[in-house]
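Trainee: One structure is given below, represented as structure tokens, and several questions about it will come after.
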Amino acid sequence: MKELQIIQSKIYEIRGQKVMIDRDLAEMYGVETRALNQAVKRNGERFPEDFMFQLTNEEVENWKSQIVISNSIKMGMRRNPYVFTELGVAMLSSVLNSKTAIQINMGIMRAFVAIRQMIAENSPLNRLSTLERNFNELKQDLEEIFADYNDINEDTRAQIEAINTTLAELQARPSTKPRRPVGFIKPKE
């Protein structure tokens with residue numbers, strides 16, 4: 001579990017995608033960053049832009065701020081790092097082709113899945129549908145309770161009407177605006 005948390009801490013959001021930096025992957029695989037990038041370049045056809053891309057200078061600065069490192073520090077980088085999407089990380093295991101790479105890859109894939117599940121569970125639409133379901137159940141319970149009674153007092157009638165009004169508002173409300181993703185968004189040119 002701790003290994004999963006370590007991996008999750010090395011997943012960043014860049015260009016609206018969850019990615020991992022080449023140097024972090026190389027460290028996990030136990031190879032030099034240079035060796036990892038050479039293996040990728042030798043198999044370039046396996047890494048289209050939706051699998052891997054190189055960061056721009058502005059993205060590097062933003063990434064450094066995400067990991068709370070002073071932007072003036074070069075961090076031993078001669079060039080901007082490459083980042084790998086979930087698909088790119090999956091492809092790395094076939095390029096590196098070692099038992100360590102395969103084991104590390106499985107852990108990374110689990111981390112990506114765990115992050116995706118956390119995002120899905122905490123989405124506003126999921127919470128809204130749960131709230132709507134609870135309202136429907138409450139309404140149904142009240143209707144069942146009072147179905148046998150012809151004599152419903154004004155307070156109960158007002159409560160049922162309030163529940164119906166709230167339910168109608170929830171159903172009529174347009175879906176909430178999607179939240180802006182955290183991280184760098186490339187400016188339109």
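Simple scheme: letters A, B, ... for chains in structure tokens order, numbers from 1 for residues in each chain, numbers from 1 for ligands in the order shown.
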Would you write out, as a Markdown table, a table of all residues in stretch 30-55 of chain A that have an atom no more than 10 Å from an atom of stretch 86-110 of chain A, listing for each the closest atom pair and the distance in Å to one decimal, considering only C-alpha atoms and ordering rows by chain and rising residue number?
Mentor:
```
| residue | atom | partner | partner_atom | distance |
| --- | --- | --- | --- | --- |
| A:Gly30 | CA | A:Thr100 | CA | 8.0 |
| A:Val31 | CA | A:Leu96 | CA | 9.6 |
| A:Ala35 | CA | A:Leu96 | CA | 9.5 |
| A:Leu36 | CA | A:Leu96 | CA | 7.6 |
| A:Ala39 | CA | A:Val95 | CA | 6.5 |
| A:Val40 | CA | A:Val95 | CA | 7.0 |
| A:Arg42 | CA | A:Val95 | CA | 9.0 |
| A:Asn43 | CA | A:Val95 | CA | 7.3 |
| A:Arg46 | CA | A:Met91 | CA | 7.2 |
| A:Phe47 | CA | A:Gly88 | CA | 6.4 |
| A:Pro48 | CA | A:Gly88 | CA | 8.5 |
| A:Glu49 | CA | A:Gly88 | CA | 9.1 |
| A:Asp50 | CA | A:Leu87 | CA | 7.7 |
| A:Phe51 | CA | A:Gly88 | CA | 4.0 |
| A:Met52 | CA | A:Gly88 | CA | 5.8 |
| A:Phe53 | CA | A:Gly88 | CA | 9.5 |
```
Trainee: Kindly export the residues of the current selection with all heavy atoms, as a short mmCIF file (atom, residue, chain, number, x, y, z; two decimals), in the first residue's frame.
Mentor:
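Generated output (again_9.cif):
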```cif
data_model
loop_
_atom_site.label_atom_id
_atom_site.label_comp_id
_atom_site.auth_asym_id
_atom_site.auth_seq_id
_atom_site.Cartn_x
_atom_site.Cartn_y
_atom_site.Cartn_z
N GLY A 30 15.02 1.23 -12.01
CA GLY A 30 16.41 0.95 -11.68
C GLY A 30 17.35 1.12 -12.85
O GLY A 30 18.34 0.41 -12.96
N VAL A 31 17.02 2.05 -13.76
CA VAL A 31 17.90 2.35 -14.90
C VAL A 31 18.16 3.85 -14.92
O VAL A 31 17.48 4.62 -14.26
CB VAL A 31 17.26 1.91 -16.25
CG1 VAL A 31 17.03 0.42 -16.27
CG2 VAL A 31 15.96 2.64 -16.52
N ALA A 35 19.19 5.88 -20.33
CA ALA A 35 18.95 4.53 -20.88
C ALA A 35 17.47 4.33 -21.20
O ALA A 35 17.12 3.75 -22.23
CB ALA A 35 19.44 3.47 -19.89
N LEU A 36 16.60 4.82 -20.31
CA LEU A 36 15.17 4.70 -20.56
C LEU A 36 14.78 5.44 -21.83
O LEU A 36 14.10 4.91 -22.69
CB LEU A 36 14.37 5.24 -19.36
CG LEU A 36 12.87 5.13 -19.46
CD1 LEU A 36 12.29 4.64 -18.14
CD2 LEU A 36 12.24 6.46 -19.80
N ALA A 39 15.96 3.68 -25.01
CA ALA A 39 15.11 2.54 -25.34
C ALA A 39 13.82 3.02 -26.01
O ALA A 39 13.33 2.41 -26.97
CB ALA A 39 14.79 1.73 -24.09
N VAL A 40 13.30 4.13 -25.52
CA VAL A 40 12.07 4.69 -26.10
C VAL A 40 12.35 5.20 -27.52
O VAL A 40 11.57 4.94 -28.44
CB VAL A 40 11.51 5.82 -25.20
CG1 VAL A 40 10.42 6.59 -25.92
CG2 VAL A 40 10.99 5.25 -23.89
N ARG A 42 14.62 4.19 -29.61
CA ARG A 42 14.84 3.05 -30.51
C ARG A 42 13.51 2.43 -30.93
O ARG A 42 13.44 1.76 -31.94
CB ARG A 42 15.70 1.98 -29.83
CG ARG A 42 17.18 2.31 -29.82
CD ARG A 42 18.01 1.09 -29.44
NE ARG A 42 17.65 0.53 -28.15
CZ ARG A 42 18.22 0.85 -26.99
NH1 ARG A 42 19.19 1.73 -26.96
NH2 ARG A 42 17.83 0.29 -25.87
N ASN A 43 12.48 2.65 -30.15
CA ASN A 43 11.15 2.09 -30.43
C ASN A 43 10.13 3.22 -30.58
O ASN A 43 9.01 3.13 -30.08
CB ASN A 43 10.72 1.16 -29.29
CG ASN A 43 11.62 -0.05 -29.18
OD1 ASN A 43 11.48 -0.99 -29.93
ND2 ASN A 43 12.57 0.01 -28.26
N ARG A 46 6.33 3.00 -31.18
CA ARG A 46 5.46 2.52 -30.10
C ARG A 46 5.00 3.64 -29.18
O ARG A 46 4.19 3.40 -28.29
CB ARG A 46 6.20 1.48 -29.25
CG ARG A 46 6.49 0.21 -29.99
CD ARG A 46 7.17 -0.75 -29.05
NE ARG A 46 7.50 -1.98 -29.75
CZ ARG A 46 7.55 -3.15 -29.17
NH1 ARG A 46 7.32 -3.26 -27.89
NH2 ARG A 46 7.85 -4.22 -29.86
N PHE A 47 5.53 4.86 -29.37
CA PHE A 47 5.24 5.95 -28.45
C PHE A 47 4.72 7.19 -29.19
O PHE A 47 5.43 8.19 -29.30
CB PHE A 47 6.49 6.30 -27.64
CG PHE A 47 6.90 5.20 -26.71
CD1 PHE A 47 7.83 4.25 -27.09
CD2 PHE A 47 6.32 5.11 -25.45
CE1 PHE A 47 8.19 3.23 -26.24
CE2 PHE A 47 6.69 4.09 -24.58
CZ PHE A 47 7.62 3.14 -24.98
N PRO A 48 3.48 7.13 -29.67
CA PRO A 48 2.89 8.34 -30.29
C PRO A 48 2.65 9.40 -29.22
O PRO A 48 2.86 9.14 -28.02
CB PRO A 48 1.58 7.83 -30.89
CG PRO A 48 1.24 6.62 -30.08
CD PRO A 48 2.56 6.01 -29.66
N GLU A 49 2.21 10.58 -29.63
CA GLU A 49 2.08 11.71 -28.70
C GLU A 49 1.08 11.46 -27.58
O GLU A 49 1.21 12.06 -26.52
CB GLU A 49 1.70 12.98 -29.47
CG GLU A 49 1.91 14.23 -28.64
CD GLU A 49 1.83 15.49 -29.45
OE1 GLU A 49 2.53 15.59 -30.47
OE2 GLU A 49 1.06 16.36 -29.05
N ASP A 50 0.10 10.59 -27.78
CA ASP A 50 -0.83 10.32 -26.68
C ASP A 50 -0.25 9.31 -25.69
O ASP A 50 -0.85 9.04 -24.65
CB ASP A 50 -2.20 9.86 -27.20
CG ASP A 50 -2.13 8.58 -28.02
OD1 ASP A 50 -1.12 8.37 -28.71
OD2 ASP A 50 -3.11 7.82 -27.98
N PHE A 51 0.94 8.76 -25.96
CA PHE A 51 1.64 7.89 -25.04
C PHE A 51 2.76 8.64 -24.31
O PHE A 51 3.07 8.34 -23.16
CB PHE A 51 2.28 6.71 -25.79
CG PHE A 51 1.33 5.62 -26.16
CD1 PHE A 51 0.05 5.88 -26.61
CD2 PHE A 51 1.72 4.30 -26.08
CE1 PHE A 51 -0.82 4.87 -26.98
CE2 PHE A 51 0.86 3.27 -26.45
CZ PHE A 51 -0.41 3.55 -26.89
N MET A 52 3.39 9.60 -25.02
CA MET A 52 4.56 10.28 -24.47
C MET A 52 4.75 11.62 -25.19
O MET A 52 4.47 11.73 -26.38
CB MET A 52 5.79 9.40 -24.70
CG MET A 52 7.10 10.04 -24.30
SD MET A 52 8.50 9.18 -25.04
CE MET A 52 8.56 9.94 -26.63
N PHE A 53 5.20 12.64 -24.44
CA PHE A 53 5.54 13.91 -25.06
C PHE A 53 6.58 14.61 -24.20
O PHE A 53 6.76 14.27 -23.03
CB PHE A 53 4.30 14.80 -25.28
CG PHE A 53 3.48 15.05 -24.05
CD1 PHE A 53 3.73 16.13 -23.21
CD2 PHE A 53 2.42 14.22 -23.74
CE1 PHE A 53 2.96 16.37 -22.09
CE2 PHE A 53 1.63 14.44 -22.61
CZ PHE A 53 1.90 15.52 -21.79
#
```
Trainee: Considering only C-alpha atoms, give me a table of residues in stretch 78-163 of chain A that are at most 6 Å from stretch 8-19 of chain A, with the closest atom pair and distance in Å for each, as a Markdown table.
Mentor:
```
| residue | atom | partner | partner_atom | distance |
| --- | --- | --- | --- | --- |
| A:Val83 | CA | A:Val19 | CA | 5.9 |
| A:Phe84 | CA | A:Val19 | CA | 5.3 |
| A:Thr85 | CA | A:Val19 | CA | 4.5 |
| A:Ala111 | CA | A:Gln8 | CA | 5.6 |
```
Trainee: How would the residues just chosen look if you wrote them out with C-alpha atoms as a compact mmCIF listing (two decimals), in the first residue's frame?
Mentor:
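And here's result_10.txt as it stands now:
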```
# COMPACT_ATOMS: atom_id res chain seq x y z
CA VAL A 83 6.42 12.45 -19.71
CA PHE A 84 4.48 9.23 -20.20
CA THR A 85 0.72 8.84 -20.06
CA ALA A 111 -1.82 3.54 -9.10
```
Trainee: Write out as a list in words all residues of stretch 34-98 of chain A that DSSP puts in strand (DSSP E) for this structure's backbone.
Mentor: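 Matching residues for strand (DSSP E) in stretch 34-98 of chain A are Met52, Phe53, Gln54, Tyr82, Val83, Phe84 and Thr85 of chain A.
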Trainee: So, counting only C-alpha atoms, which residue among A:Gln171, A:Thr165, A:Thr156, A:Ser65 is closest to A:Arg133?
Mentor: A:Gln171
Trainee: Closest to A:Ser129 among A:Ala26, A:Leu170, A:Ala114, A:Ala158, using only C-alpha atoms?
Mentor: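 Closest residue, counting only C-alpha atoms: A:Leu170.
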